[in-house]
Amino acid sequence: MKSMNKALAASVTRRPDRNRAQNQFGVEVITITVRIMITIALLTCCSCSRGPQERAWFVMGTYASVSTGGCDRGRIDEAEKLAAAEFRRLEEMWSHYSDSSEVSRLGKGEGGYVSVSPDTFELLSLSVQMAQRTEGCFDPTVGPLVDLWGIGRQKEFAVPADSEIERVSALCGWRGIELGEGSSVRFAVKGMSFDPGAIGKGLAVDKCSDLLRKAGFSDFMINLGGNMRCFGSARRGRSWRVGVRDPFRRGEILGVLELSGGMAVATSGNYERFVEKDGRRYAHILNPVNGRPVEGMAGVTVAGASAAEADALSTALFVAGLEGGMRILSGFAGAEAIFIPDQTPVQLCISKGMAGYFTPSEGVAVRVSEVD
Ligand code: AMP
Ligand code: MG
């Protein structure tokens, strides 16, 4: 009995021994796994809650930047590489200044249809649609007038003669862009050209955003000369914040836009590229109706779902002015605008929906438009 008890006791004590070894091993594995998981979670949380990283460079005649925030914060090198390559690719096709670009070659055809790449055809078709929807206030064929005025390009500025403006205006008009079969295009009038200046950067931002999304990025902001698009968050739980520049006071802002979910923002203004002569300011945005620089508006900022649309629309609303601009804007679902008339003290006029994104700086007067 004793020996049986001993044997029983031995087996009772031996079994838990083996179990303990197994348990200890299991517990250790679990403990290590949990520790690793906690460390990963902590690292992820820490990097998600830190501010975004940013890289900037020069392309398409302006500054480009990409910022990665939230959980993509650590992928800034990869984002910069992808964005820089994409902007360079599009610049080669769309540069207005390089004779060999696809866009420059368009005007040199003998009047027949010219085949273009799918990206350039998209740029042209979108431009024609935007010209139509903005009642021609956005007109990508103003190039000959832009060259005639030479605003921001010449050292010596002279207002062109009325007869010259009239002659050159005959070479402009978006209805002369004829889109054909199989990604082809021709111009109806000899001497016409295509100026991507008011829409190309926006479309480039959309294309670059698509590329980053495909590469798995979800928290980033792209900026190409003031044409921006934002996804996800800048840091954990915080949307991207974009300042709206004060056209009258350098370095100051009129308020802040909070954007995420793929929202785009674009600004057209008279304060970056302009000339002053005899007390008058001539802006680089032209009114296609009279062939002259637009007066009366200091800036227009548009927020919307696509950067190409926001880019073309901000130029169009700048041309159309407050009343006409609000009417045009009502044809674009989801797009909102801030108008900054060229007068001081500054009084902003914003579309109804813009109030949801925009917080004015202290003391800035804001009127909300009645037009929906
Ligand atoms: P943005 O800064 O986007 O408003 O674009 C301005 C540029 O677009 C100018 O530098 C011109 O090259 C071109 N542009 C000027 N006026 C117009 C217009 N009414 N419609 C389309 N493009 C324009
Ligand atoms: Mg524009």
# chains A, B, ... in the order shown; residues from 1 in each chain; ligands from 1

call {"tool": "residues_near_ligand", "arguments": {"ligand": "ligand 1", "cutoff": "9 Å", "atoms": "only C-alpha atoms and all ligand atoms", "output": "MDAnalysis selection string"}}
result
chainID A and resid 96 127 131 136:143 145:147 151:152 195:202 225:227 266:270 272:273 283:289 291 293:294 300 311:316 318:319

call {"tool": "residues_around", "arguments": {"residues": "Ala307 in chain A", "least_positions_apart": "5", "cutoff": "7 Å", "atoms": "only C-alpha atoms", "output": "VMD selection string"}}
result
chain A and resid 202 to 203 205 to 206 227 to 229 264 to 265

call {"tool": "write_last_selection", "arguments": {"atoms": "N, CA and C atoms", "output": "PDB file, in the first residue's frame"}}
result
ATOM      1  N   GLY A 202      -3.417  69.761 -61.410  1.00  0.00           N
ATOM      2  CA  GLY A 202      -4.488  69.089 -60.665  1.00  0.00           C
ATOM      3  C   GLY A 202      -4.617  67.633 -61.091  1.00  0.00           C
ATOM      4  N   LEU A 203      -4.629  67.408 -62.421  1.00  0.00           N
ATOM      5  CA  LEU A 203      -4.774  66.027 -62.900  1.00  0.00           C
ATOM      6  C   LEU A 203      -3.554  65.199 -62.495  1.00  0.00           C
ATOM      7  N   VAL A 205      -1.874  65.539 -59.786  1.00  0.00           N
ATOM      8  CA  VAL A 205      -2.064  65.191 -58.371  1.00  0.00           C
ATOM      9  C   VAL A 205      -3.027  64.003 -58.233  1.00  0.00           C
ATOM     10  N   ASP A 206      -4.103  64.000 -59.051  1.00  0.00           N
ATOM     11  CA  ASP A 206      -5.038  62.863 -59.009  1.00  0.00           C
ATOM     12  C   ASP A 206      -4.341  61.565 -59.409  1.00  0.00           C
ATOM     13  N   ASN A 227      -1.948  72.753 -55.613  1.00  0.00           N
ATOM     14  CA  ASN A 227      -3.016  71.778 -55.914  1.00  0.00           C
ATOM     15  C   ASN A 227      -2.770  70.582 -55.014  1.00  0.00           C
ATOM     16  N   MET A 228      -3.718  70.340 -54.109  1.00  0.00           N
ATOM     17  CA  MET A 228      -3.457  69.313 -53.084  1.00  0.00           C
ATOM     18  C   MET A 228      -4.560  68.260 -53.049  1.00  0.00           C
ATOM     19  N   ARG A 229      -4.162  67.118 -52.523  1.00  0.00           N
ATOM     20  CA  ARG A 229      -5.167  66.085 -52.235  1.00  0.00           C
ATOM     21  C   ARG A 229      -4.743  65.346 -50.977  1.00  0.00           C
ATOM     22  N   ALA A 264      -9.738  67.271 -52.370  1.00  0.00           N
ATOM     23  CA  ALA A 264      -8.717  68.055 -53.070  1.00  0.00           C
ATOM     24  C   ALA A 264      -8.957  69.533 -52.827  1.00  0.00           C
ATOM     25  N   VAL A 265      -7.901  70.326 -52.937  1.00  0.00           N
ATOM     26  CA  VAL A 265      -8.064  71.771 -52.814  1.00  0.00           C
ATOM     27  C   VAL A 265      -7.136  72.461 -53.805  1.00  0.00           C
TER      28      VAL A 265
END

call {"tool": "closest_atom_pairs", "arguments": {"of": "range 161-240 of chain A", "to": "range 67-70 of chain A", "cutoff": "7 Å", "atoms": "only C-alpha atoms", "output": "tab-separated table"}}
result
residue	atom	partner	partner_atom	distance
A:Asp219	CA	A:Gly69	CA	5.3
A:Phe220	CA	A:Thr68	CA	4.4
A:Met221	CA	A:Ser67	CA	5.1
A:Ile222	CA	A:Ser67	CA	6.5
A:Ser233	CA	A:Gly70	CA	5.6
A:Ala234	CA	A:Gly69	CA	4.4
A:Arg235	CA	A:Gly70	CA	4.3
A:Arg236	CA	A:Gly70	CA	5.3

call {"tool": "write_last_selection", "arguments": {"atoms": "N, CA and C atoms", "output": "PDB file, in the first residue's frame"}}
result
ATOM      1  N   ASP A 219      -2.604  57.241 -45.653  1.00  0.00           N
ATOM      2  CA  ASP A 219      -2.523  58.498 -44.902  1.00  0.00           C
ATOM      3  C   ASP A 219      -1.462  59.396 -45.539  1.00  0.00           C
ATOM      4  N   PHE A 220      -1.877  60.214 -46.511  1.00  0.00           N
ATOM      5  CA  PHE A 220      -0.877  61.060 -47.183  1.00  0.00           C
ATOM      6  C   PHE A 220      -1.507  62.315 -47.780  1.00  0.00           C
ATOM      7  N   MET A 221      -0.644  63.278 -48.052  1.00  0.00           N
ATOM      8  CA  MET A 221      -1.086  64.502 -48.727  1.00  0.00           C
ATOM      9  C   MET A 221      -0.092  64.803 -49.842  1.00  0.00           C
ATOM     10  N   ILE A 222      -0.626  65.167 -51.017  1.00  0.00           N
ATOM     11  CA  ILE A 222       0.242  65.547 -52.137  1.00  0.00           C
ATOM     12  C   ILE A 222      -0.048  66.999 -52.469  1.00  0.00           C
ATOM     13  N   SER A 233      -5.317  60.391 -42.348  1.00  0.00           N
ATOM     14  CA  SER A 233      -5.047  61.396 -41.325  1.00  0.00           C
ATOM     15  C   SER A 233      -3.574  61.794 -41.282  1.00  0.00           C
ATOM     16  N   ALA A 234      -3.344  63.007 -40.793  1.00  0.00           N
ATOM     17  CA  ALA A 234      -1.988  63.538 -40.669  1.00  0.00           C
ATOM     18  C   ALA A 234      -1.272  62.874 -39.490  1.00  0.00           C
ATOM     19  N   ARG A 235      -2.004  62.659 -38.425  1.00  0.00           N
ATOM     20  CA  ARG A 235      -1.546  61.860 -37.288  1.00  0.00           C
ATOM     21  C   ARG A 235      -2.810  61.239 -36.720  1.00  0.00           C
ATOM     22  N   ARG A 236      -2.656  60.285 -35.824  1.00  0.00           N
ATOM     23  CA  ARG A 236      -3.818  59.508 -35.398  1.00  0.00           C
ATOM     24  C   ARG A 236      -5.020  60.397 -35.044  1.00  0.00           C
TER      25      ARG A 236
END

call {"tool": "select_by_dssp", "arguments": {"residues": "range 167-275 of chain A", "states": "alpha helix (DSSP H)", "output": "list in words"}}
result
Arg167, Val168, Ser169, Gly200, Lys201, Gly202, Leu203, Ala204, Val205, Asp206, Lys207, Cys208, Ser209, Asp210, Leu211, Leu212, Arg213 and Lys214 of chain A

call {"tool": "write_last_selection", "arguments": {"atoms": "all heavy atoms", "output": "CSV table (one decimal), in the first residue's frame"}}
result
chain,number,residue,atom,x,y,z
A,167,ARG,N,-6.8,90.3,-82.7
A,167,ARG,CA,-6.2,89.4,-83.7
A,167,ARG,C,-5.9,88.0,-83.0
A,167,ARG,O,-6.2,87.0,-83.5
A,167,ARG,CB,-4.9,90.0,-84.3
A,167,ARG,CG,-4.2,89.1,-85.3
A,167,ARG,CD,-2.9,89.7,-85.8
A,167,ARG,NE,-1.9,89.8,-84.8
A,167,ARG,CZ,-1.2,88.8,-84.3
A,167,ARG,NH1,-1.3,87.6,-84.9
A,167,ARG,NH2,-0.3,88.9,-83.4
A,168,VAL,N,-5.3,88.1,-81.8
A,168,VAL,CA,-4.8,86.9,-81.2
A,168,VAL,C,-6.0,86.1,-80.6
A,168,VAL,O,-6.0,84.9,-80.5
A,168,VAL,CB,-3.8,87.2,-80.1
A,168,VAL,CG1,-3.4,86.0,-79.2
A,168,VAL,CG2,-2.5,87.7,-80.8
A,169,SER,N,-7.1,86.9,-80.2
A,169,SER,CA,-8.3,86.2,-79.6
A,169,SER,C,-8.9,85.2,-80.6
A,169,SER,O,-9.5,84.2,-80.3
A,169,SER,CB,-9.3,87.2,-79.2
A,169,SER,OG,-8.8,87.9,-78.1
A,200,GLY,N,-3.5,70.9,-65.6
A,200,GLY,CA,-2.6,69.8,-65.7
A,200,GLY,C,-2.0,69.4,-64.3
A,200,GLY,O,-1.9,68.2,-64.0
A,201,LYS,N,-1.7,70.4,-63.5
A,201,LYS,CA,-1.1,70.1,-62.2
A,201,LYS,C,-2.2,69.3,-61.3
A,201,LYS,O,-1.8,68.4,-60.6
A,201,LYS,CB,-0.6,71.3,-61.4
A,201,LYS,CG,0.5,71.9,-62.1
A,201,LYS,CD,1.1,73.0,-61.2
A,201,LYS,CE,2.0,74.0,-62.1
A,201,LYS,NZ,1.2,74.9,-62.9
A,202,GLY,N,-3.4,69.8,-61.4
A,202,GLY,CA,-4.5,69.1,-60.7
A,202,GLY,C,-4.6,67.6,-61.1
A,202,GLY,O,-4.7,66.7,-60.3
A,203,LEU,N,-4.6,67.4,-62.4
A,203,LEU,CA,-4.8,66.0,-62.9
A,203,LEU,C,-3.6,65.2,-62.5
A,203,LEU,O,-3.7,64.0,-62.1
A,203,LEU,CB,-5.0,66.0,-64.4
A,203,LEU,CG,-5.3,64.6,-65.0
A,203,LEU,CD1,-6.6,64.0,-64.4
A,203,LEU,CD2,-5.5,64.7,-66.5
A,204,ALA,N,-2.4,65.8,-62.5
A,204,ALA,CA,-1.2,65.1,-62.1
A,204,ALA,C,-1.3,64.7,-60.6
A,204,ALA,O,-0.9,63.6,-60.2
A,204,ALA,CB,0.1,66.0,-62.3
A,205,VAL,N,-1.9,65.5,-59.8
A,205,VAL,CA,-2.1,65.2,-58.4
A,205,VAL,C,-3.0,64.0,-58.2
A,205,VAL,O,-2.8,63.1,-57.4
A,205,VAL,CB,-2.6,66.4,-57.6
A,205,VAL,CG1,-3.1,66.0,-56.2
A,205,VAL,CG2,-1.4,67.4,-57.4
A,206,ASP,N,-4.1,64.0,-59.1
A,206,ASP,CA,-5.0,62.9,-59.0
A,206,ASP,C,-4.3,61.6,-59.4
A,206,ASP,O,-4.5,60.5,-58.8
A,206,ASP,CB,-6.2,63.1,-60.0
A,206,ASP,CG,-7.2,64.1,-59.4
A,206,ASP,OD1,-7.3,64.3,-58.2
A,206,ASP,OD2,-7.9,64.8,-60.2
A,207,LYS,N,-3.5,61.6,-60.5
A,207,LYS,CA,-2.9,60.4,-61.0
A,207,LYS,C,-1.9,59.9,-60.0
A,207,LYS,O,-1.7,58.7,-59.7
A,207,LYS,CB,-2.2,60.7,-62.3
A,207,LYS,CG,-3.2,60.9,-63.4
A,207,LYS,CD,-2.6,60.8,-64.8
A,207,LYS,CE,-3.7,60.7,-65.8
A,207,LYS,NZ,-4.4,59.4,-65.7
A,208,CYS,N,-1.2,60.8,-59.3
A,208,CYS,CA,-0.2,60.5,-58.3
A,208,CYS,C,-0.9,59.9,-57.1
A,208,CYS,O,-0.4,58.9,-56.5
A,208,CYS,CB,0.6,61.7,-58.0
A,208,CYS,SG,2.0,61.4,-57.0
A,209,SER,N,-2.0,60.4,-56.7
A,209,SER,CA,-2.8,59.9,-55.6
A,209,SER,C,-3.2,58.4,-55.9
A,209,SER,O,-3.1,57.6,-55.0
A,209,SER,CB,-4.0,60.7,-55.3
A,209,SER,OG,-3.7,62.0,-55.1
A,210,ASP,N,-3.7,58.2,-57.1
A,210,ASP,CA,-4.1,56.8,-57.5
A,210,ASP,C,-2.9,55.9,-57.3
A,210,ASP,O,-3.1,54.7,-56.8
A,210,ASP,CB,-4.6,56.8,-58.9
A,210,ASP,CG,-5.9,57.6,-59.1
A,210,ASP,OD1,-6.5,57.9,-58.1
A,210,ASP,OD2,-6.3,57.8,-60.3
A,211,LEU,N,-1.8,56.3,-57.8
A,211,LEU,CA,-0.6,55.5,-57.7
A,211,LEU,C,-0.2,55.1,-56.3
A,211,LEU,O,0.1,54.0,-56.0
A,211,LEU,CB,0.6,56.3,-58.3
A,211,LEU,CG,1.8,55.5,-58.8
A,211,LEU,CD1,1.4,54.8,-60.1
A,211,LEU,CD2,2.9,56.4,-59.1
A,212,LEU,N,-0.2,56.1,-55.4
A,212,LEU,CA,0.1,55.9,-54.0
A,212,LEU,C,-0.9,55.0,-53.3
A,212,LEU,O,-0.6,54.1,-52.5
A,212,LEU,CB,0.2,57.2,-53.2
A,212,LEU,CG,1.4,58.0,-53.5
A,212,LEU,CD1,1.5,59.2,-52.6
A,212,LEU,CD2,2.7,57.3,-53.4
A,213,ARG,N,-2.2,55.2,-53.7
A,213,ARG,CA,-3.3,54.3,-53.1
A,213,ARG,C,-3.0,52.9,-53.5
A,213,ARG,O,-3.2,51.9,-52.8
A,213,ARG,CB,-4.6,54.8,-53.6
A,213,ARG,CG,-5.0,56.2,-53.3
A,213,ARG,CD,-5.7,56.4,-52.0
A,213,ARG,NE,-7.0,55.8,-52.0
A,213,ARG,CZ,-7.7,55.4,-50.9
A,213,ARG,NH1,-7.1,55.7,-49.7
A,213,ARG,NH2,-8.9,54.9,-51.0
A,214,LYS,N,-2.7,52.7,-54.8
A,214,LYS,CA,-2.4,51.3,-55.3
A,214,LYS,C,-1.2,50.7,-54.6
A,214,LYS,O,-1.2,49.5,-54.4
A,214,LYS,CB,-2.1,51.3,-56.8
A,214,LYS,CG,-3.4,51.3,-57.6
A,214,LYS,CD,-3.2,51.0,-59.1
A,214,LYS,CE,-4.4,51.4,-59.9
A,214,LYS,NZ,-4.0,52.4,-61.0

call {"tool": "residues_around", "arguments": {"residues": "Gly191 in chain A", "least_positions_apart": "3", "cutoff": "9 Å", "atoms": "only C-alpha atoms", "output": "MDAnalysis selection string"}}
result
chainID A and resid 107:108 144 171:172 187

call {"tool": "atom_distance", "arguments": {"atom1": "CA of Ser239 in chain A", "atom2": "CA of Ala84 in chain A"}}
result
24.0 Å

call {"tool": "select_by_dssp", "arguments": {"residues": "range 219-365 of chain A", "states": "strand (DSSP E)", "output": "VMD selection string"}}
result
chain A and resid 220 to 224 227 to 231 240 to 245 253 to 259 263 to 269 274 to 277 280 to 283 286 to 287 292 to 293 297 to 304 336 to 341 347 to 350 358 to 360 365

call {"tool": "closest_residue", "arguments": {"among": "A:Asp119, A:Glu258, A:Glu156, A:Glu135", "to": "Cys230 in chain A", "atoms": "only C-alpha atoms"}}
result
A:Glu258
